[in-house]
$ cat entry-v6.csv   # CSV, C-alpha atoms
chain,number,residue,atom,x,y,z
A,336,MET,CA,70.3,-44.3,-128.2
A,337,PRO,CA,71.0,-47.1,-125.7
A,338,VAL,CA,67.4,-48.4,-126.0
A,339,ARG,CA,65.5,-49.1,-129.2
A,340,VAL,CA,62.0,-50.6,-129.5
A,341,GLN,CA,61.2,-51.3,-133.1
A,342,ARG,CA,59.3,-53.5,-135.5
A,343,GLU,CA,62.2,-54.0,-137.8
A,344,ASP,CA,65.0,-56.6,-137.5
A,345,PHE,CA,68.5,-55.6,-136.4
A,346,ASP,CA,72.0,-56.6,-137.6
A,347,VAL,CA,74.0,-58.0,-134.6
A,348,GLY,CA,77.4,-57.6,-136.3
A,349,ALA,CA,76.7,-54.0,-137.4
A,350,GLU,CA,75.5,-53.0,-133.9
A,351,ILE,CA,78.5,-54.5,-132.2
A,352,GLY,CA,80.8,-52.9,-134.8
A,353,ALA,CA,79.2,-49.5,-134.2
A,354,LEU,CA,79.6,-49.8,-130.4
A,355,THR,CA,83.3,-50.8,-130.6
A,356,ARG,CA,84.6,-48.8,-133.5
A,357,GLY,CA,87.6,-46.8,-132.3
A,358,ALA,CA,87.1,-48.0,-128.6
A,359,THR,CA,90.6,-49.1,-127.9
A,360,ASP,CA,90.0,-49.3,-124.2
A,361,VAL,CA,87.3,-52.0,-124.6
A,362,GLY,CA,88.6,-55.5,-124.0
A,363,ALA,CA,85.3,-57.3,-123.8
A,364,VAL,CA,81.9,-57.4,-125.7
A,365,ALA,CA,79.2,-59.6,-124.2
A,366,SER,CA,76.0,-60.0,-126.2
A,367,PHE,CA,72.7,-61.9,-125.9
A,368,VAL,CA,70.3,-62.5,-128.8
A,369,GLY,CA,66.8,-63.9,-128.1
A,370,LEU,CA,65.0,-65.8,-130.9
A,371,VAL,CA,61.5,-67.0,-131.5
A,372,ARG,CA,61.3,-70.8,-130.9
A,373,ASP,CA,59.1,-73.1,-132.9
A,374,THR,CA,57.9,-75.0,-129.8
A,375,ASN,CA,56.7,-73.9,-126.4
A,376,ASP,CA,55.1,-75.9,-123.6
A,377,GLY,CA,54.9,-79.0,-125.8
A,378,SER,CA,53.1,-77.3,-128.7
A,379,GLY,CA,54.4,-76.2,-132.1
A,380,VAL,CA,54.5,-72.5,-132.6
A,381,SER,CA,53.9,-71.1,-136.1
A,382,GLU,CA,54.2,-67.4,-135.3
A,383,MET,CA,54.3,-65.0,-132.4
A,384,THR,CA,53.0,-61.4,-131.9
A,385,LEU,CA,54.6,-59.1,-129.4
A,386,GLU,CA,52.5,-56.4,-127.9
A,387,HIS,CA,54.1,-53.6,-125.9
A,388,TYR,CA,53.2,-50.4,-124.0
A,389,PRO,CA,54.6,-47.6,-126.1
A,390,GLY,CA,56.3,-45.0,-123.8
A,391,MET,CA,56.5,-47.2,-120.7
A,392,THR,CA,58.5,-49.8,-122.6
A,393,GLU,CA,61.3,-47.4,-123.5
A,394,ARG,CA,61.2,-45.8,-120.0
A,395,ALA,CA,61.5,-49.3,-118.3
A,396,LEU,CA,64.4,-50.3,-120.5
A,397,GLU,CA,66.2,-47.1,-119.9
A,398,GLU,CA,65.8,-47.6,-116.2
A,399,ILE,CA,67.2,-51.1,-116.4
A,400,VAL,CA,70.2,-49.8,-118.4
A,401,ALA,CA,70.8,-47.1,-115.8
A,402,GLN,CA,70.7,-49.7,-113.0
A,403,ALA,CA,73.2,-51.9,-114.8
A,404,ARG,CA,75.5,-48.9,-115.2
A,405,GLY,CA,75.2,-48.3,-111.5
A,406,ARG,CA,76.3,-51.8,-110.7
A,407,TRP,CA,79.1,-52.5,-113.1
A,408,ARG,CA,81.7,-50.5,-114.9
A,409,VAL,CA,80.7,-50.8,-118.6
A,410,ALA,CA,81.6,-48.7,-121.6
A,411,GLU,CA,78.5,-49.1,-123.8
A,412,LEU,CA,75.2,-50.8,-123.2
A,413,LEU,CA,72.6,-51.3,-126.0
A,414,VAL,CA,69.2,-52.9,-125.9
A,415,ILE,CA,67.0,-53.5,-129.0
A,416,HIS,CA,63.7,-55.2,-128.6
A,417,ARG,CA,61.2,-55.9,-131.4
A,418,TYR,CA,57.5,-55.9,-131.4
A,419,GLY,CA,54.8,-57.0,-133.9
A,420,ARG,CA,54.5,-60.3,-135.8
A,421,LEU,CA,57.6,-62.6,-135.7
A,422,LEU,CA,58.2,-66.0,-137.1
A,423,PRO,CA,60.2,-68.9,-135.6
A,424,GLY,CA,63.9,-68.3,-136.0
A,425,GLU,CA,63.5,-64.5,-136.1
A,426,ARG,CA,65.4,-62.3,-133.6
A,427,ILE,CA,63.4,-60.7,-130.8
A,428,VAL,CA,65.9,-59.0,-128.6
A,429,LEU,CA,69.6,-57.9,-128.5
A,430,VAL,CA,71.6,-56.8,-125.5
A,431,VAL,CA,75.2,-55.7,-126.0
A,432,VAL,CA,77.6,-54.7,-123.3
A,433,THR,CA,81.1,-53.5,-123.8
A,434,GLY,CA,83.7,-52.9,-121.1
A,435,ALA,CA,87.3,-53.3,-120.1
A,436,HIS,CA,86.9,-56.9,-118.9
A,437,ARG,CA,84.6,-59.8,-119.5
A,438,GLY,CA,83.4,-60.4,-116.0
A,439,GLU,CA,81.5,-57.1,-115.7
A,440,ALA,CA,80.3,-57.3,-119.3
A,441,PHE,CA,78.8,-60.8,-118.8
A,442,ALA,CA,77.2,-59.9,-115.5
A,443,ALA,CA,75.6,-56.7,-116.8
A,444,CYS,CA,74.3,-58.5,-119.9
A,445,GLU,CA,72.6,-61.2,-117.9
A,446,PHE,CA,71.2,-58.7,-115.4
A,447,VAL,CA,69.7,-56.6,-118.2
A,448,MET,CA,68.0,-59.7,-119.7
A,449,ASP,CA,66.7,-60.9,-116.3
A,450,TYR,CA,65.2,-57.5,-115.4
A,451,LEU,CA,63.8,-57.0,-118.9
A,452,LYS,CA,62.0,-60.3,-118.6
A,453,THR,CA,60.1,-59.3,-115.5
A,454,ARG,CA,59.9,-55.4,-115.8
A,455,ALA,CA,59.6,-54.3,-119.4
A,456,PRO,CA,56.0,-54.2,-120.6
A,457,PHE,CA,56.0,-56.7,-123.5
A,458,TRP,CA,53.6,-59.6,-123.9
A,459,LYS,CA,53.9,-62.6,-126.3
A,460,LYS,CA,51.0,-64.2,-128.0
A,461,GLU,CA,51.8,-67.4,-129.9
A,462,THR,CA,49.9,-69.2,-132.6
A,463,THR,CA,49.8,-72.9,-132.4
A,464,ALA,CA,47.7,-75.6,-134.2
A,465,ALA,CA,45.1,-75.2,-131.5
A,466,GLY,CA,44.8,-71.5,-132.0
A,467,SER,CA,46.5,-68.5,-130.4
A,468,ARG,CA,47.3,-68.0,-126.7
A,469,TRP,CA,49.1,-65.5,-124.5
A,470,VAL,CA,52.3,-66.8,-123.1
A,471,GLU,CA,52.2,-67.1,-119.3
A,472,ALA,CA,54.8,-65.5,-117.2
A,473,ARG,CA,57.3,-68.0,-115.7
A,474,GLU,CA,58.2,-68.2,-112.0
A,475,ALA,CA,61.8,-69.0,-113.1
A,476,ASP,CA,62.0,-65.6,-114.6
A,477,ASP,CA,61.0,-63.9,-111.3
A,478,GLU,CA,63.6,-66.0,-109.5
A,479,ALA,CA,66.3,-65.1,-112.0
A,480,ALA,CA,65.6,-61.4,-111.5
A,481,ALA,CA,65.3,-61.7,-107.7
A,482,ARG,CA,68.8,-63.2,-107.3
A,483,TRP,CA,70.3,-59.9,-108.4
A,484,ASP,CA,68.4,-58.1,-105.6
A,485,ALA,CA,70.2,-60.3,-103.0
A,486,GLN,CA,73.6,-59.3,-104.4
A,487,ARG,CA,75.5,-56.2,-103.7
A,488,PRO,CA,76.1,-53.8,-106.6
A,489,GLY,CA,79.2,-54.8,-108.4
A,490,GLY,CA,78.8,-58.4,-107.2
B,954,MET,CA,39.3,-34.9,-112.0
B,955,SER,CA,39.8,-37.5,-114.7
B,956,ILE,CA,42.4,-40.1,-115.6
B,957,ARG,CA,43.2,-42.2,-118.6
B,958,ILE,CA,43.1,-46.0,-118.1
B,959,LEU,CA,44.9,-48.4,-120.5
B,960,TYR,CA,44.6,-52.2,-120.7
B,961,PHE,CA,47.0,-54.5,-122.4
B,962,ALA,CA,47.5,-58.0,-123.9
B,963,GLY,CA,45.2,-60.7,-122.6
B,964,LEU,CA,43.4,-58.3,-120.2
B,965,ARG,CA,42.6,-55.9,-123.1
B,966,GLU,CA,41.2,-58.8,-125.1
B,967,ARG,CA,39.1,-60.1,-122.3
B,968,LEU,CA,37.6,-56.6,-121.5
B,969,GLY,CA,37.2,-55.8,-125.2
B,970,ALA,CA,38.7,-52.3,-124.4
B,971,ALA,CA,42.2,-50.9,-125.0
B,972,GLY,CA,41.5,-47.9,-122.7
B,973,GLU,CA,39.0,-45.4,-121.4
B,974,ASP,CA,38.7,-42.0,-119.8
B,975,PHE,CA,37.6,-42.3,-116.2
B,976,ALA,CA,36.2,-39.6,-113.9
B,977,LEU,CA,37.6,-39.9,-110.4
B,978,SER,CA,35.0,-39.6,-107.6
B,979,PRO,CA,35.9,-38.4,-104.1
B,980,GLY,CA,37.6,-41.1,-102.1
B,981,LEU,CA,38.7,-43.0,-105.2
B,982,ASP,CA,42.3,-41.9,-104.8
B,983,THR,CA,44.5,-45.0,-105.2
B,984,VAL,CA,45.2,-47.6,-107.9
B,985,GLY,CA,43.9,-50.3,-105.6
B,986,ALA,CA,40.6,-48.5,-105.1
B,987,LEU,CA,40.3,-47.9,-108.8
B,988,ARG,CA,40.9,-51.6,-109.5
B,989,ARG,CA,38.1,-52.6,-107.0
B,990,ARG,CA,35.7,-50.1,-108.6
B,991,LEU,CA,36.4,-51.5,-112.1
B,992,CYS,CA,35.9,-55.0,-110.8
B,993,GLU,CA,32.5,-54.1,-109.4
B,994,ARG,CA,31.3,-53.6,-113.0
B,995,GLY,CA,31.0,-57.4,-113.0
B,996,GLY,CA,31.2,-59.9,-115.9
B,997,ALA,CA,34.5,-59.6,-117.8
B,998,TRP,CA,35.7,-56.9,-115.4
B,999,GLU,CA,36.0,-59.5,-112.6
B,1000,ALA,CA,39.4,-60.2,-114.4
B,1001,LEU,CA,40.6,-57.3,-112.2
B,1002,ALA,CA,39.6,-59.0,-109.0
B,1003,GLU,CA,42.1,-59.1,-106.2
B,1004,GLY,CA,44.2,-62.2,-106.3
B,1005,ARG,CA,44.2,-62.2,-110.1
B,1006,SER,CA,47.8,-61.8,-111.2
B,1007,LEU,CA,47.9,-58.3,-112.6
B,1008,ARG,CA,50.5,-55.6,-112.8
B,1009,MET,CA,49.7,-51.9,-112.5
B,1010,ALA,CA,51.5,-48.7,-113.7
B,1011,VAL,CA,50.9,-45.1,-113.0
B,1012,ASN,CA,52.3,-42.6,-115.5
B,1013,GLN,CA,54.3,-45.4,-117.1
B,1014,ARG,CA,56.0,-46.6,-113.9
B,1015,MET,CA,55.2,-49.9,-112.1
B,1016,ALA,CA,53.0,-49.1,-109.1
B,1017,ASP,CA,51.4,-51.0,-106.2
B,1018,ALA,CA,47.8,-50.8,-105.0
B,1019,GLY,CA,48.6,-48.0,-102.6
B,1020,ALA,CA,49.9,-45.6,-105.3
B,1021,ALA,CA,48.0,-42.3,-105.3
B,1022,LEU,CA,45.9,-41.1,-108.2
B,1023,ARG,CA,45.9,-37.5,-109.4
B,1024,ASP,CA,44.0,-35.6,-112.1
B,1025,GLY,CA,45.4,-36.4,-115.6
B,1026,ASP,CA,47.3,-39.5,-114.6
B,1027,GLU,CA,47.7,-42.4,-117.0
B,1028,VAL,CA,47.0,-45.7,-115.3
B,1029,ALA,CA,47.6,-49.1,-116.8
B,1030,PHE,CA,46.5,-52.6,-115.9
B,1031,PHE,CA,48.2,-55.6,-117.6
B,1032,PRO,CA,49.2,-59.3,-117.1
B,1033,PRO,CA,52.7,-60.1,-115.8
B,1034,VAL,CA,55.1,-59.3,-118.7
B,1035,THR,CA,56.6,-61.9,-121.0
B,1036,GLY,CA,59.1,-60.2,-123.3
B,1037,GLY,CA,62.7,-61.0,-124.1
$ encode --input "entry-v6.csv" --output "structure tokens"
Amino acid sequence: MPVRVQREDFDVGAEIGALTRGATDVGAVASFVGLVRDTNDGSGVSEMTLEHYPGMTERALEEIVAQARGRWRVAELLVIHRYGRLLPGERIVLVVVTGAHRGEAFAACEFVMDYLKTRAPFWKKETTAAGSRWVEAREADDEAAARWDAQRPGG
Amino acid sequence: MSIRILYFAGLRERLGAAGEDFALSPGLDTVGALRRRLCERGGAWEALAEGRSLRMAVNQRMADAGAALRDGDEVAFFPPVTGG
């Protein structure tokens, strides 16, 4: 499955190993790992809870993966996103893209993250010394996603 | 004619409801009309007022206010997403 939404942690090395085993036509693996930070907007964060919309989350991620495949020639594309309670330093999300060359793998990986940030139904709630608060969406994330709309597929 | 409505994250907390079954009345045939009707409940439901930054989905796909509603649809309202 190219998309997994799960409570459990994942093993980055094992996932990349599984995607590349025996794939002698693959010359590039690009990956992104998102982690929980212990500070946000000037406050210390002691823990985070990720809520999601079961069903739509998987569907939205699969659609993003399909769009990436339509834009770039990639061999394998994997997205794992966790939900539930997470502590600073824990892994949240993994994107792995394999392909013949690095350019398309890098671009597809960044595209998937930018679209995921604005289209996949996840919400972060962080706990600080002042209590818990829902993380506000950032305009910079919308801008990061929008720049792909202006580019031609394959660009 | 009835639909299932779901609320998520900060909106779910503010409304004190994760979801509800809702009977569609004649003329109430778009997501935007549904949003206005829910907002008319007043109080916490004014969180659904136009101009509040909310996203909407019909049958688990992002939708805009003009999206049509049909019997059995699953409609969701939620704040802008913050995953990743």
$ interface_residues --input "entry-v6.csv" --of "chain B" --to "chain A" --cutoff "12 Å" --atoms "all atoms listed in the file" --output "PyMOL selection string"
chain B and resi 959-967+971+1006-1016+1027-1037
$ atom_distance --input "entry-v6.csv" --atom1 "atom CA of A:Ser366" --atom2 "atom CA of A:Val380"
25.7 Å
$ residues_around --input "entry-v6.csv" --residues "stretch 1019-1026 of chain B" --least-positions-apart "2" --cutoff "8 Å" --atoms "only C-alpha atoms" --output "short mmCIF file (atom, residue, chain, number, x, y, z; two decimals) with C-alpha atoms, in the coordinates of the input"
data_model
loop_
_atom_site.label_atom_id
_atom_site.label_comp_id
_atom_site.auth_asym_id
_atom_site.auth_seq_id
_atom_site.Cartn_x
_atom_site.Cartn_y
_atom_site.Cartn_z
CA MET B 954 39.30 -34.90 -112.00
CA SER B 955 39.80 -37.50 -114.70
CA ILE B 956 42.40 -40.10 -115.60
CA ARG B 957 43.20 -42.20 -118.60
CA LEU B 977 37.60 -39.90 -110.40
CA ASP B 982 42.30 -41.90 -104.80
CA THR B 983 44.50 -45.00 -105.20
CA VAL B 984 45.20 -47.60 -107.90
CA GLY B 985 43.90 -50.30 -105.60
CA VAL B 1011 50.90 -45.10 -113.00
CA ASN B 1012 52.30 -42.60 -115.50
CA ALA B 1016 53.00 -49.10 -109.10
CA ASP B 1017 51.40 -51.00 -106.20
CA VAL B 1028 47.00 -45.70 -115.30
#
$ residues_near_point --input "entry-v6.csv" --point "(56.2, -71.8, -132.2)" --cutoff "9 Å" --atoms "only C-alpha atoms" --output "MDAnalysis selection string"
chainID A and resid 371:375 378:383 422:423 461:463
$ residues_near_point --input "entry-v6.csv" --point "(35.6, -60.4, -103.4)" --cutoff "10 Å" --atoms "only C-alpha atoms" --output "list in words"
Arg989, Cys992, Glu993, Glu999, Ala1002, Glu1003 and Gly1004 of chain B
$ atom_distance --input "entry-v6.csv" --atom1 "atom CA of A:Ala358" --atom2 "atom CA of A:Val400"
19.8 Å
$ residues_around --input "entry-v6.csv" --residues "A:Ala403" --least-positions-apart "6" --cutoff "8 Å" --atoms "only C-alpha atoms" --output "count of residues only"
3
$ build_atoms --input "entry-v6.csv" --residues "stretch 969-983 of chain B" --atoms "N, CA and C atoms" --output "CSV table (one decimal), in the frame of the given file"
chain,number,residue,atom,x,y,z
B,969,GLY,N,37.7,-56.3,-123.9
B,969,GLY,CA,37.2,-55.8,-125.2
B,969,GLY,C,37.4,-54.3,-125.2
B,970,ALA,N,38.4,-53.8,-124.5
B,970,ALA,CA,38.7,-52.3,-124.4
B,970,ALA,C,40.2,-52.1,-124.3
B,971,ALA,N,40.8,-51.2,-125.1
B,971,ALA,CA,42.2,-50.9,-125.0
B,971,ALA,C,42.4,-49.8,-123.9
B,972,GLY,N,41.3,-49.0,-123.6
B,972,GLY,CA,41.5,-47.9,-122.7
B,972,GLY,C,40.2,-47.2,-122.5
B,973,GLU,N,40.2,-46.2,-121.6
B,973,GLU,CA,39.0,-45.4,-121.4
B,973,GLU,C,39.4,-44.2,-120.5
B,974,ASP,N,38.6,-43.1,-120.7
B,974,ASP,CA,38.7,-42.0,-119.8
B,974,ASP,C,37.8,-42.3,-118.6
B,975,PHE,N,38.3,-41.9,-117.4
B,975,PHE,CA,37.6,-42.3,-116.2
B,975,PHE,C,37.5,-41.1,-115.3
B,976,ALA,N,36.3,-40.8,-114.8
B,976,ALA,CA,36.2,-39.6,-113.9
B,976,ALA,C,36.4,-40.1,-112.4
B,977,LEU,N,37.3,-39.5,-111.7
B,977,LEU,CA,37.6,-39.9,-110.4
B,977,LEU,C,36.6,-39.3,-109.4
B,978,SER,N,36.0,-40.1,-108.6
B,978,SER,CA,35.0,-39.6,-107.6
B,978,SER,C,35.8,-39.4,-106.3
B,979,PRO,N,35.2,-38.6,-105.4
B,979,PRO,CA,35.9,-38.4,-104.1
B,979,PRO,C,36.1,-39.7,-103.4
B,980,GLY,N,37.3,-39.9,-102.8
B,980,GLY,CA,37.6,-41.1,-102.1
B,980,GLY,C,38.2,-42.2,-103.0
B,981,LEU,N,38.1,-42.0,-104.3
B,981,LEU,CA,38.7,-43.0,-105.2
B,981,LEU,C,40.1,-42.4,-105.5
B,982,ASP,N,41.0,-42.7,-104.7
B,982,ASP,CA,42.3,-41.9,-104.8
B,982,ASP,C,43.6,-42.8,-104.9
B,983,THR,N,43.3,-44.1,-105.0
B,983,THR,CA,44.5,-45.0,-105.2
B,983,THR,C,44.3,-46.0,-106.3
